[in-house]
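> Please find input_5.pdb (PDB, C-alpha atoms, pLDDT in the B column) on the next line:
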ATOM      1  CA  MET B  17     -17.039  27.547 -23.812  1.00 89.00           C
ATOM      2  CA  SER B  18     -16.097  29.156 -20.536  1.00 92.00           C
ATOM      3  CA  PHE B  19     -13.023  31.254 -19.706  1.00 94.00           C
ATOM      4  CA  GLU B  20     -11.899  34.381 -17.914  1.00 94.00           C
ATOM      5  CA  VAL B  21      -9.447  37.174 -18.690  1.00 95.00           C
ATOM      6  CA  VAL B  22      -7.795  39.136 -15.883  1.00 96.00           C
ATOM      7  CA  ALA B  23      -6.536  42.725 -15.800  1.00 96.00           C
ATOM      8  CA  GLY B  24      -3.320  43.192 -17.760  1.00 97.00           C
ATOM      9  CA  GLU B  25      -3.541  39.775 -19.413  1.00 98.00           C
ATOM     10  CA  ARG B  26      -3.032  39.288 -23.149  1.00 97.00           C
ATOM     11  CA  VAL B  27      -5.118  36.462 -24.586  1.00 98.00           C
ATOM     12  CA  ALA B  28      -4.859  35.295 -28.196  1.00 97.00           C
ATOM     13  CA  VAL B  29      -7.699  33.505 -29.971  1.00 97.00           C
ATOM     14  CA  ILE B  30      -6.527  31.267 -32.806  1.00 96.00           C
ATOM     15  CA  GLY B  31      -8.175  28.666 -34.985  1.00 94.00           C
ATOM     16  CA  PRO B  32      -8.887  27.751 -38.617  1.00 93.00           C
ATOM     17  CA  ASN B  33     -11.161  29.851 -40.837  1.00 91.00           C
ATOM     18  CA  GLY B  34     -14.759  29.613 -39.669  1.00 92.00           C
ATOM     19  CA  ALA B  35     -13.779  28.504 -36.176  1.00 93.00           C
ATOM     20  CA  GLY B  36     -15.781  31.310 -34.565  1.00 94.00           C
ATOM     21  CA  LYS B  37     -13.032  33.756 -33.567  1.00 95.00           C
ATOM     22  CA  THR B  38     -14.755  36.905 -34.817  1.00 94.00           C
ATOM     23  CA  THR B  39     -18.134  35.644 -33.629  1.00 94.00           C
ATOM     24  CA  LEU B  40     -16.756  35.121 -30.131  1.00 95.00           C
ATOM     25  CA  LEU B  41     -15.305  38.626 -29.962  1.00 96.00           C
ATOM     26  CA  SER B  42     -18.551  40.076 -31.354  1.00 94.00           C
ATOM     27  CA  LEU B  43     -20.539  38.310 -28.645  1.00 94.00           C
ATOM     28  CA  LEU B  44     -18.217  39.591 -25.936  1.00 95.00           C
ATOM     29  CA  ALA B  45     -18.467  43.130 -27.337  1.00 94.00           C
ATOM     30  CA  GLY B  46     -22.265  42.967 -27.320  1.00 92.00           C
ATOM     31  CA  LEU B  47     -22.564  43.268 -31.094  1.00 91.00           C
ATOM     32  CA  GLN B  48     -24.338  39.910 -31.300  1.00 91.00           C
ATOM     33  CA  ARG B  49     -26.767  38.459 -28.812  1.00 88.00           C
ATOM     34  CA  ALA B  50     -25.836  35.091 -27.366  1.00 85.00           C
ATOM     35  CA  SER B  51     -28.477  32.361 -27.373  1.00 87.00           C
ATOM     36  CA  ALA B  52     -27.213  31.191 -23.974  1.00 89.00           C
ATOM     37  CA  GLY B  53     -24.644  32.082 -21.333  1.00 90.00           C
ATOM     38  CA  ASP B  54     -23.488  35.485 -20.178  1.00 91.00           C
ATOM     39  CA  VAL B  55     -20.551  37.900 -20.064  1.00 92.00           C
ATOM     40  CA  SER B  56     -19.570  39.343 -16.696  1.00 92.00           C
ATOM     41  CA  ARG B  57     -18.885  42.849 -18.042  1.00 92.00           C
ATOM     42  CA  PRO B  58     -21.385  45.020 -19.931  1.00 92.00           C
ATOM     43  CA  PRO B  59     -20.526  46.177 -23.486  1.00 90.00           C
ATOM     44  CA  SER B  60     -19.887  49.705 -22.149  1.00 89.00           C
ATOM     45  CA  GLU B  61     -16.783  48.347 -20.368  1.00 93.00           C
ATOM     46  CA  ILE B  62     -15.440  46.497 -23.402  1.00 95.00           C
ATOM     47  CA  GLY B  63     -13.611  48.263 -26.227  1.00 93.00           C
ATOM     48  CA  TRP B  64     -14.063  46.775 -29.702  1.00 93.00           C
ATOM     49  CA  VAL B  65     -11.592  47.098 -32.589  1.00 93.00           C
ATOM     50  CA  PRO B  66     -12.890  45.341 -35.740  1.00 91.00           C
ATOM     51  CA  GLN B  67     -10.593  44.229 -38.517  1.00 85.00           C
ATOM     52  CA  GLN B  68     -12.248  46.531 -41.041  1.00 78.00           C
ATOM     53  CA  ALA B  69     -12.642  49.977 -39.514  1.00 75.00           C
ATOM     54  CA  ALA B  70     -15.467  52.270 -40.622  1.00 79.00           C
ATOM     55  CA  LEU B  71     -13.225  55.327 -40.709  1.00 90.00           C
ATOM     56  CA  TYR B  72     -13.892  58.491 -42.708  1.00 93.00           C
ATOM     57  CA  ARG B  73     -10.897  59.124 -44.922  1.00 91.00           C
ATOM     58  CA  ARG B  74     -11.701  62.783 -45.664  1.00 94.00           C
ATOM     59  CA  LEU B  75     -11.987  63.718 -42.000  1.00 96.00           C
ATOM     60  CA  SER B  76      -9.003  64.437 -39.778  1.00 97.00           C
ATOM     61  CA  VAL B  77      -7.899  62.036 -37.076  1.00 97.00           C
ATOM     62  CA  ARG B  78      -9.459  64.224 -34.381  1.00 97.00           C
ATOM     63  CA  GLU B  79     -12.701  64.620 -36.345  1.00 97.00           C
ATOM     64  CA  ASN B  80     -12.992  60.836 -36.700  1.00 96.00           C
ATOM     65  CA  LEU B  81     -12.476  60.314 -32.976  1.00 96.00           C
ATOM     66  CA  ARG B  82     -14.850  63.126 -32.054  1.00 96.00           C
ATOM     67  CA  LEU B  83     -17.556  61.646 -34.275  1.00 95.00           C
ATOM     68  CA  PHE B  84     -17.268  58.178 -32.724  1.00 94.00           C
ATOM     69  CA  ALA B  85     -17.085  59.602 -29.199  1.00 95.00           C
ATOM     70  CA  ARG B  86     -20.439  61.301 -29.779  1.00 94.00           C
ATOM     71  CA  LEU B  87     -21.959  58.234 -31.414  1.00 91.00           C
ATOM     72  CA  GLU B  88     -20.909  56.180 -28.394  1.00 88.00           C
ATOM     73  CA  LYS B  89     -22.258  58.907 -26.081  1.00 90.00           C
ATOM     74  CA  VAL B  90     -19.019  59.248 -24.168  1.00 91.00           C
ATOM     75  CA  PRO B  91     -19.667  61.667 -21.248  1.00 90.00           C
ATOM     76  CA  ASP B  92     -16.891  64.135 -22.161  1.00 93.00           C
ATOM     77  CA  PRO B  93     -16.094  63.665 -25.863  1.00 94.00           C
ATOM     78  CA  GLU B  94     -13.242  66.174 -26.108  1.00 95.00           C
ATOM     79  CA  ALA B  95     -11.453  64.807 -23.036  1.00 96.00           C
ATOM     80  CA  ALA B  96     -11.931  61.263 -24.342  1.00 95.00           C
ATOM     81  CA  VAL B  97     -10.491  62.226 -27.734  1.00 96.00           C
ATOM     82  CA  ASP B  98      -7.462  63.915 -26.144  1.00 95.00           C
ATOM     83  CA  ARG B  99      -6.822  60.859 -23.955  1.00 93.00           C
ATOM     84  CA  ALA B 100      -7.121  58.442 -26.902  1.00 93.00           C
ATOM     85  CA  LEU B 101      -4.751  60.567 -28.995  1.00 94.00           C
ATOM     86  CA  GLU B 102      -2.160  60.534 -26.224  1.00 91.00           C
ATOM     87  CA  LEU B 103      -2.527  56.808 -25.573  1.00 87.00           C
ATOM     88  CA  THR B 104      -2.010  55.934 -29.231  1.00 89.00           C
ATOM     89  CA  GLY B 105       0.740  58.497 -29.872  1.00 88.00           C
ATOM     90  CA  LEU B 106      -1.366  60.275 -32.474  1.00 93.00           C
ATOM     91  CA  ALA B 107      -1.549  63.720 -30.855  1.00 93.00           C
ATOM     92  CA  GLU B 108       0.835  65.200 -33.426  1.00 94.00           C
ATOM     93  CA  ARG B 109      -1.258  63.773 -36.259  1.00 95.00           C
ATOM     94  CA  ALA B 110      -4.622  64.919 -34.866  1.00 96.00           C
ATOM     95  CA  LYS B 111      -5.199  67.503 -37.619  1.00 97.00           C
ATOM     96  CA  ASP B 112      -4.053  65.257 -40.463  1.00 97.00           C
ATOM     97  CA  GLU B 113      -6.615  63.919 -42.909  1.00 97.00           C
ATOM     98  CA  LEU B 114      -6.992  60.190 -42.380  1.00 95.00           C
ATOM     99  CA  SER B 115      -6.226  59.392 -46.030  1.00 94.00           C
ATOM    100  CA  THR B 116      -2.680  60.754 -45.594  1.00 95.00           C
ATOM    101  CA  LEU B 117      -1.808  58.299 -42.818  1.00 93.00           C
ATOM    102  CA  SER B 118       0.070  55.038 -43.274  1.00 88.00           C
ATOM    103  CA  GLY B 119      -1.741  51.747 -42.794  1.00 85.00           C
ATOM    104  CA  GLY B 120      -0.151  51.360 -39.374  1.00 85.00           C
ATOM    105  CA  ASN B 121      -1.293  54.776 -38.203  1.00 89.00           C
ATOM    106  CA  GLN B 122      -4.799  54.204 -39.567  1.00 90.00           C
ATOM    107  CA  GLN B 123      -4.946  51.037 -37.477  1.00 88.00           C
ATOM    108  CA  ARG B 124      -3.868  53.085 -34.465  1.00 89.00           C
ATOM    109  CA  VAL B 125      -6.820  55.399 -35.128  1.00 93.00           C
ATOM    110  CA  ASN B 126      -9.013  52.301 -35.242  1.00 92.00           C
ATOM    111  CA  ILE B 127      -7.657  51.260 -31.837  1.00 91.00           C
ATOM    112  CA  ALA B 128      -8.042  54.800 -30.498  1.00 93.00           C
ATOM    113  CA  ILE B 129     -11.767  54.548 -31.237  1.00 94.00           C
ATOM    114  CA  GLY B 130     -11.921  51.377 -29.167  1.00 92.00           C
ATOM    115  CA  LEU B 131     -10.238  53.230 -26.294  1.00 93.00           C
ATOM    116  CA  LEU B 132     -12.539  56.268 -26.241  1.00 94.00           C
ATOM    117  CA  ALA B 133     -14.594  54.994 -23.315  1.00 91.00           C
ATOM    118  CA  ASP B 134     -11.405  54.060 -21.403  1.00 90.00           C
ATOM    119  CA  PRO B 135     -12.457  50.377 -21.240  1.00 94.00           C
ATOM    120  CA  PRO B 136     -10.795  47.900 -18.856  1.00 96.00           C
ATOM    121  CA  VAL B 137     -11.054  45.258 -21.614  1.00 96.00           C
ATOM    122  CA  LEU B 138     -10.016  45.692 -25.260  1.00 96.00           C
ATOM    123  CA  LEU B 139     -10.950  43.225 -28.014  1.00 97.00           C
ATOM    124  CA  LEU B 140      -9.071  43.287 -31.328  1.00 96.00           C
ATOM    125  CA  ASP B 141      -9.936  41.291 -34.442  1.00 95.00           C
ATOM    126  CA  GLU B 142      -6.844  40.617 -36.577  1.00 93.00           C
ATOM    127  CA  PRO B 143      -5.187  43.902 -35.472  1.00 90.00           C
ATOM    128  CA  SER B 144      -2.054  43.520 -37.607  1.00 88.00           C
ATOM    129  CA  ALA B 145      -3.700  42.322 -40.824  1.00 84.00           C
ATOM    130  CA  SER B 146      -2.280  44.014 -43.962  1.00 77.00           C
ATOM    131  CA  LEU B 147       0.520  45.764 -42.050  1.00 83.00           C
ATOM    132  CA  ASP B 148       4.170  45.491 -43.040  1.00 86.00           C
ATOM    133  CA  PRO B 149       6.690  44.046 -40.524  1.00 88.00           C
ATOM    134  CA  ARG B 150       7.797  47.464 -39.206  1.00 85.00           C
ATOM    135  CA  GLN B 151       4.211  48.649 -38.761  1.00 82.00           C
ATOM    136  CA  ARG B 152       3.385  45.386 -36.997  1.00 86.00           C
ATOM    137  CA  ALA B 153       6.282  45.806 -34.590  1.00 89.00           C
ATOM    138  CA  ILE B 154       5.175  49.344 -33.685  1.00 86.00           C
ATOM    139  CA  LEU B 155       1.559  48.248 -33.279  1.00 86.00           C
ATOM    140  CA  TRP B 156       2.401  45.321 -30.999  1.00 91.00           C
ATOM    141  CA  GLU B 157       4.699  47.471 -28.891  1.00 90.00           C
ATOM    142  CA  PHE B 158       1.727  49.756 -28.311  1.00 88.00           C
ATOM    143  CA  ILE B 159      -0.721  46.903 -27.587  1.00 91.00           C
ATOM    144  CA  ASP B 160       1.748  45.270 -25.177  1.00 94.00           C
ATOM    145  CA  GLY B 161       2.069  48.649 -23.457  1.00 92.00           C
ATOM    146  CA  LEU B 162      -1.691  48.823 -22.946  1.00 92.00           C
ATOM    147  CA  ALA B 163      -1.633  45.437 -21.238  1.00 95.00           C
ATOM    148  CA  ALA B 164       1.324  46.475 -19.091  1.00 95.00           C
ATOM    149  CA  GLY B 165      -0.811  49.411 -17.952  1.00 93.00           C
ATOM    150  CA  GLY B 166      -3.560  47.077 -16.757  1.00 96.00           C
ATOM    151  CA  THR B 167      -5.862  46.776 -19.764  1.00 95.00           C
ATOM    152  CA  ALA B 168      -7.023  43.227 -20.443  1.00 97.00           C
ATOM    153  CA  VAL B 169      -6.350  42.588 -24.138  1.00 97.00           C
ATOM    154  CA  MET B 170      -7.941  39.806 -26.163  1.00 98.00           C
ATOM    155  CA  PHE B 171      -7.097  39.462 -29.845  1.00 97.00           C
ATOM    156  CA  ALA B 172      -7.931  37.103 -32.695  1.00 97.00           C
ATOM    157  CA  THR B 173      -5.145  36.289 -35.109  1.00 95.00           C
ATOM    158  CA  HIS B 174      -4.146  33.899 -37.884  1.00 91.00           C
ATOM    159  CA  GLU B 175      -0.479  34.620 -37.163  1.00 90.00           C
ATOM    160  CA  ILE B 176       0.642  31.883 -34.772  1.00 91.00           C
ATOM    161  CA  ASP B 177       3.934  33.673 -34.098  1.00 90.00           C
ATOM    162  CA  GLU B 178       1.991  36.717 -32.860  1.00 92.00           C
ATOM    163  CA  ALA B 179       0.141  34.548 -30.396  1.00 94.00           C
ATOM    164  CA  GLN B 180       3.425  33.072 -29.216  1.00 93.00           C
ATOM    165  CA  ARG B 181       5.155  36.437 -28.813  1.00 93.00           C
ATOM    166  CA  HIS B 182       2.363  38.639 -27.532  1.00 96.00           C
ATOM    167  CA  ALA B 183      -0.064  36.444 -25.582  1.00 97.00           C
ATOM    168  CA  ASP B 184       0.152  35.279 -22.007  1.00 97.00           C
ATOM    169  CA  ARG B 185      -2.487  32.676 -22.812  1.00 97.00           C
ATOM    170  CA  ILE B 186      -3.873  31.133 -26.008  1.00 97.00           C
ATOM    171  CA  LEU B 187      -7.398  29.935 -26.742  1.00 97.00           C
ATOM    172  CA  VAL B 188      -7.811  27.530 -29.663  1.00 96.00           C
ATOM    173  CA  LEU B 189     -11.235  27.427 -31.305  1.00 95.00           C
ATOM    174  CA  ALA B 190     -12.519  24.892 -33.833  1.00 94.00           C
ATOM    175  CA  ASP B 191     -16.083  24.710 -35.157  1.00 92.00           C
ATOM    176  CA  GLY B 192     -17.279  27.039 -32.411  1.00 91.00           C
ATOM    177  CA  GLU B 193     -15.771  24.926 -29.656  1.00 93.00           C
ATOM    178  CA  LEU B 194     -12.972  25.841 -27.257  1.00 95.00           C
ATOM    179  CA  ILE B 195     -10.573  22.899 -27.584  1.00 94.00           C
ATOM    180  CA  PHE B 196      -7.539  24.297 -25.777  1.00 94.00           C
ATOM    181  CA  THR B 197      -6.618  27.044 -23.337  1.00 95.00           C
ATOM    182  CA  GLY B 198      -3.122  27.516 -21.962  1.00 95.00           C
ATOM    183  CA  THR B 199       0.286  29.041 -22.589  1.00 94.00           C
ATOM    184  CA  ALA B 200       2.321  28.674 -25.763  1.00 92.00           C
ATOM    185  CA  ALA B 201       4.527  26.135 -23.951  1.00 90.00           C
ATOM    186  CA  GLU B 202       1.470  24.099 -23.001  1.00 92.00           C
ATOM    187  CA  LEU B 203       0.246  24.203 -26.603  1.00 90.00           C
ATOM    188  CA  HIS B 204       3.644  22.887 -27.705  1.00 84.00           C
ATOM    189  CA  ALA B 205       3.173  19.984 -25.297  1.00 87.00           C
ATOM    190  CA  ALA B 206      -0.445  19.341 -26.306  1.00 83.00           C
ATOM    191  CA  GLY B 207       0.559  19.126 -29.966  1.00 77.00           C
ATOM    192  CA  ASP B 208       3.693  17.147 -29.131  1.00 73.00           C
ATOM    193  CA  ASP B 209       5.996  19.325 -31.256  1.00 72.00           C
ATOM    194  CA  ALA B 210       8.539  22.080 -30.638  1.00 73.00           C
ATOM    195  CA  ASP B 211       7.213  24.143 -33.566  1.00 85.00           C
ATOM    196  CA  LEU B 212       4.045  25.938 -32.446  1.00 87.00           C
ATOM    197  CA  VAL B 213       2.452  25.909 -35.898  1.00 88.00           C
ATOM    198  CA  VAL B 214       2.995  22.146 -36.229  1.00 89.00           C
ATOM    199  CA  ALA B 215       1.733  21.641 -32.663  1.00 87.00           C
ATOM    200  CA  PHE B 216      -1.367  23.706 -33.433  1.00 88.00           C
ATOM    201  CA  VAL B 217      -2.179  21.670 -36.563  1.00 89.00           C
ATOM    202  CA  ALA B 218      -1.513  18.414 -34.711  1.00 88.00           C
ATOM    203  CA  LEU B 219      -3.924  19.464 -31.957  1.00 88.00           C
ATOM    204  CA  LEU B 220      -6.660  20.209 -34.492  1.00 88.00           C
ATOM    205  CA  GLU B 221      -6.158  16.856 -36.201  1.00 88.00           C
ATOM    206  CA  ALA B 222      -6.144  15.019 -32.876  1.00 85.00           C
ATOM    207  CA  ARG B 223      -9.503  16.583 -32.038  1.00 80.00           C
ATOM    208  CA  GLY B 224     -10.931  15.680 -35.455  1.00 78.00           C
ATOM    209  CA  HIS B 225     -10.867  19.179 -36.955  1.00 74.00           C
TER
END
Kindly return the structure encoded in the file as structure tokens.

Amino acid sequence: MSFEVVAGERVAVIGPNGAGKTTLLSLLAGLQRASAGDVSRPPSEIGWVPQQAALYRRLSVRENLRLFARLEKVPDPEAAVDRALELTGLAERAKDELSTLSGGNQQRVNIAIGLLADPPVLLLDEPSASLDPRQRAILWEFIDGLAAGGTAVMFATHEIDEAQRHADRILVLADGELIFTGTAAELHAAGDDADLVVAFVALLEARGH
């Protein structure tokens, strides 16, 4: 597959289970080595937010961020932590133990870790998984704000409505192959249906997946 993401663009990656969504993001983040091809930006310029965060529940929010900033060898850990806290709106919760935070706020800590190096590109794997509707709304407002500020955001999701609402462009993967790239409106047309979910399924079936 071949594609590009520009500054401030929001790109959703959708596809059935096992399509390669997480693998793709892992390759882009430098967590897995590709057998062929290349990525134009080095891993140091790409923030990575996995679905399952390795956070330390007995540490405070600030202590978690400080730990990861040092592990990632960020030049000025304290400044990076302060910036990430401000960006994610967690400054007032900096001293709180992680275990006392709601699921939505814990996910914001997860994203804050991905922002420590102030990356121009942010990758998120199922960022709203396990969040309730209100928490999802708050999270997406924040993610959309990052993109509006110039950060290129690429996220994998199983929620087709999230892709429709929060992505400027959609990539559809199936069996490790990129079978569609375009806007939600273009996906509607490709699947020949006004309902995006139905259009998505129709596209997969048309391509033999």
> The PyMOL selection byres ((chain B and resi 80-90) around 12) - which residues does that actually catch in the file I just gave you? List them as an mmCIF file with C-alpha atoms, keeping the file's coordinate frame.

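File produced: result_2.cif:
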data_model
loop_
_atom_site.group_PDB
_atom_site.id
_atom_site.type_symbol
_atom_site.label_atom_id
_atom_site.label_comp_id
_atom_site.auth_asym_id
_atom_site.auth_seq_id
_atom_site.Cartn_x
_atom_site.Cartn_y
_atom_site.Cartn_z
ATOM 1 C CA PRO B 59 -20.526 46.177 -23.486
ATOM 2 C CA SER B 60 -19.887 49.705 -22.149
ATOM 3 C CA GLU B 61 -16.783 48.347 -20.368
ATOM 4 C CA GLY B 63 -13.611 48.263 -26.227
ATOM 5 C CA TRP B 64 -14.063 46.775 -29.702
ATOM 6 C CA ALA B 69 -12.642 49.977 -39.514
ATOM 7 C CA ALA B 70 -15.467 52.270 -40.622
ATOM 8 C CA LEU B 71 -13.225 55.327 -40.709
ATOM 9 C CA TYR B 72 -13.892 58.491 -42.708
ATOM 10 C CA ARG B 73 -10.897 59.124 -44.922
ATOM 11 C CA ARG B 74 -11.701 62.783 -45.664
ATOM 12 C CA LEU B 75 -11.987 63.718 -42.000
ATOM 13 C CA SER B 76 -9.003 64.437 -39.778
ATOM 14 C CA VAL B 77 -7.899 62.036 -37.076
ATOM 15 C CA ARG B 78 -9.459 64.224 -34.381
ATOM 16 C CA GLU B 79 -12.701 64.620 -36.345
ATOM 17 C CA PRO B 91 -19.667 61.667 -21.248
ATOM 18 C CA ASP B 92 -16.891 64.135 -22.161
ATOM 19 C CA PRO B 93 -16.094 63.665 -25.863
ATOM 20 C CA GLU B 94 -13.242 66.174 -26.108
ATOM 21 C CA ALA B 95 -11.453 64.807 -23.036
ATOM 22 C CA ALA B 96 -11.931 61.263 -24.342
ATOM 23 C CA VAL B 97 -10.491 62.226 -27.734
ATOM 24 C CA ASP B 98 -7.462 63.915 -26.144
ATOM 25 C CA ARG B 99 -6.822 60.859 -23.955
ATOM 26 C CA ALA B 100 -7.121 58.442 -26.902
ATOM 27 C CA LEU B 101 -4.751 60.567 -28.995
ATOM 28 C CA THR B 104 -2.010 55.934 -29.231
ATOM 29 C CA LEU B 106 -1.366 60.275 -32.474
ATOM 30 C CA ALA B 107 -1.549 63.720 -30.855
ATOM 31 C CA ALA B 110 -4.622 64.919 -34.866
ATOM 32 C CA LYS B 111 -5.199 67.503 -37.619
ATOM 33 C CA ASP B 112 -4.053 65.257 -40.463
ATOM 34 C CA GLU B 113 -6.615 63.919 -42.909
ATOM 35 C CA LEU B 114 -6.992 60.190 -42.380
ATOM 36 C CA SER B 115 -6.226 59.392 -46.030
ATOM 37 C CA GLN B 122 -4.799 54.204 -39.567
ATOM 38 C CA ARG B 124 -3.868 53.085 -34.465
ATOM 39 C CA VAL B 125 -6.820 55.399 -35.128
ATOM 40 C CA ASN B 126 -9.013 52.301 -35.242
ATOM 41 C CA ILE B 127 -7.657 51.260 -31.837
ATOM 42 C CA ALA B 128 -8.042 54.800 -30.498
ATOM 43 C CA ILE B 129 -11.767 54.548 -31.237
ATOM 44 C CA GLY B 130 -11.921 51.377 -29.167
ATOM 45 C CA LEU B 131 -10.238 53.230 -26.294
ATOM 46 C CA LEU B 132 -12.539 56.268 -26.241
ATOM 47 C CA ALA B 133 -14.594 54.994 -23.315
ATOM 48 C CA ASP B 134 -11.405 54.060 -21.403
ATOM 49 C CA PRO B 135 -12.457 50.377 -21.240
#
> What does the distance from CA of Ile154 in chain B to CA of Ile186 in chain B come to in Å, to one decimal?
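These two atoms are separated by 21.7 Å.
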> What box, with edges along x, y and z, holds each listed atom of range 164-183 of chain B when 3 Å is added on every side, and can you state its centre and edge lengths in Å to one decimal, as AutoDock Vina command-line options?

--center_x -1.4 --center_y 40.6 --center_z -27.3 --size_x 19.1 --size_y 23.5 --size_z 27.1
> Once the PyMOL selection byres ((chain B and resi 44) around 10) is applied to the coordinates I shared, what remains selected? I want it as a PyMOL selection string.
chain B and resi 38-43+45-50+54-59+62-64+139
> What does the distance between CA of Arg181 in chain B and CA of Ile30 in chain B come to in Å, to one decimal place?
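Distance between the two atoms: 13.4 Å.
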> List as a list in words the residues having at least one atom at most 9 Å from position (-14.9, 30.2, -25.1) as given in the file, counting only C-alpha atoms.
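It turns out the residues near that spot are Met17, Ser18, Phe19, Glu20, Leu40, Leu187, Val188, Leu189, Gly192, Glu193, Leu194 and Ile195 of chain B.
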> If you measure from CA of His225 in chain B to CA of Gly31 in chain B, what distance in Å do you get, rounded to one decimal?
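Computed distance, CA of His225 in chain B to CA of Gly31 in chain B, equals 10.1 Å.
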> Can you give me, as a PyMOL selection string, the residues this file yields under the PyMOL selection byres ((chain B and resi 26) around 6)?
chain B and resi 25+27+169-170+183-184
> Selected residues, C-alpha atoms, written as a compact mmCIF listing (two decimals), keeping the file's coordinate frame, please.

# COMPACT_ATOMS: atom_id res chain seq x y z
CA GLU B 25 -3.54 39.78 -19.41
CA VAL B 27 -5.12 36.46 -24.59
CA VAL B 169 -6.35 42.59 -24.14
CA MET B 170 -7.94 39.81 -26.16
CA ALA B 183 -0.06 36.44 -25.58
CA ASP B 184 0.15 35.28 -22.01
> For Glu175 in chain B, which residue among B:Val65, B:Leu117, B:Val213, B:Leu219 is the nearest when counting all atoms listed in the file?
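Of all the options, B:Val213 lies closest to Glu175 in chain B.
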> Residues near Asp141 in chain B, anyone? I mean within 6 Å using all atoms listed in the file, not counting same-chain ones fewer than 2 positions away, as a list in words.
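Within the cut-off, the hits are Pro66, Gln67, Pro143, Phe171 and Ala172 of chain B.
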> Near Glu221 in chain B, counting all atoms listed in the file, which residues have an atom at most 12 Å away, once you skip same-chain residues fewer than 2 positions from it, shown as a count of residues only?
14
> Between B:His174, B:Arg152, B:Arg185, B:Arg109, which is the closest to Ala28 in chain B once you count only C-alpha atoms?
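Checking each candidate against Ala28 in chain B, we get B:Arg185 as the closest.
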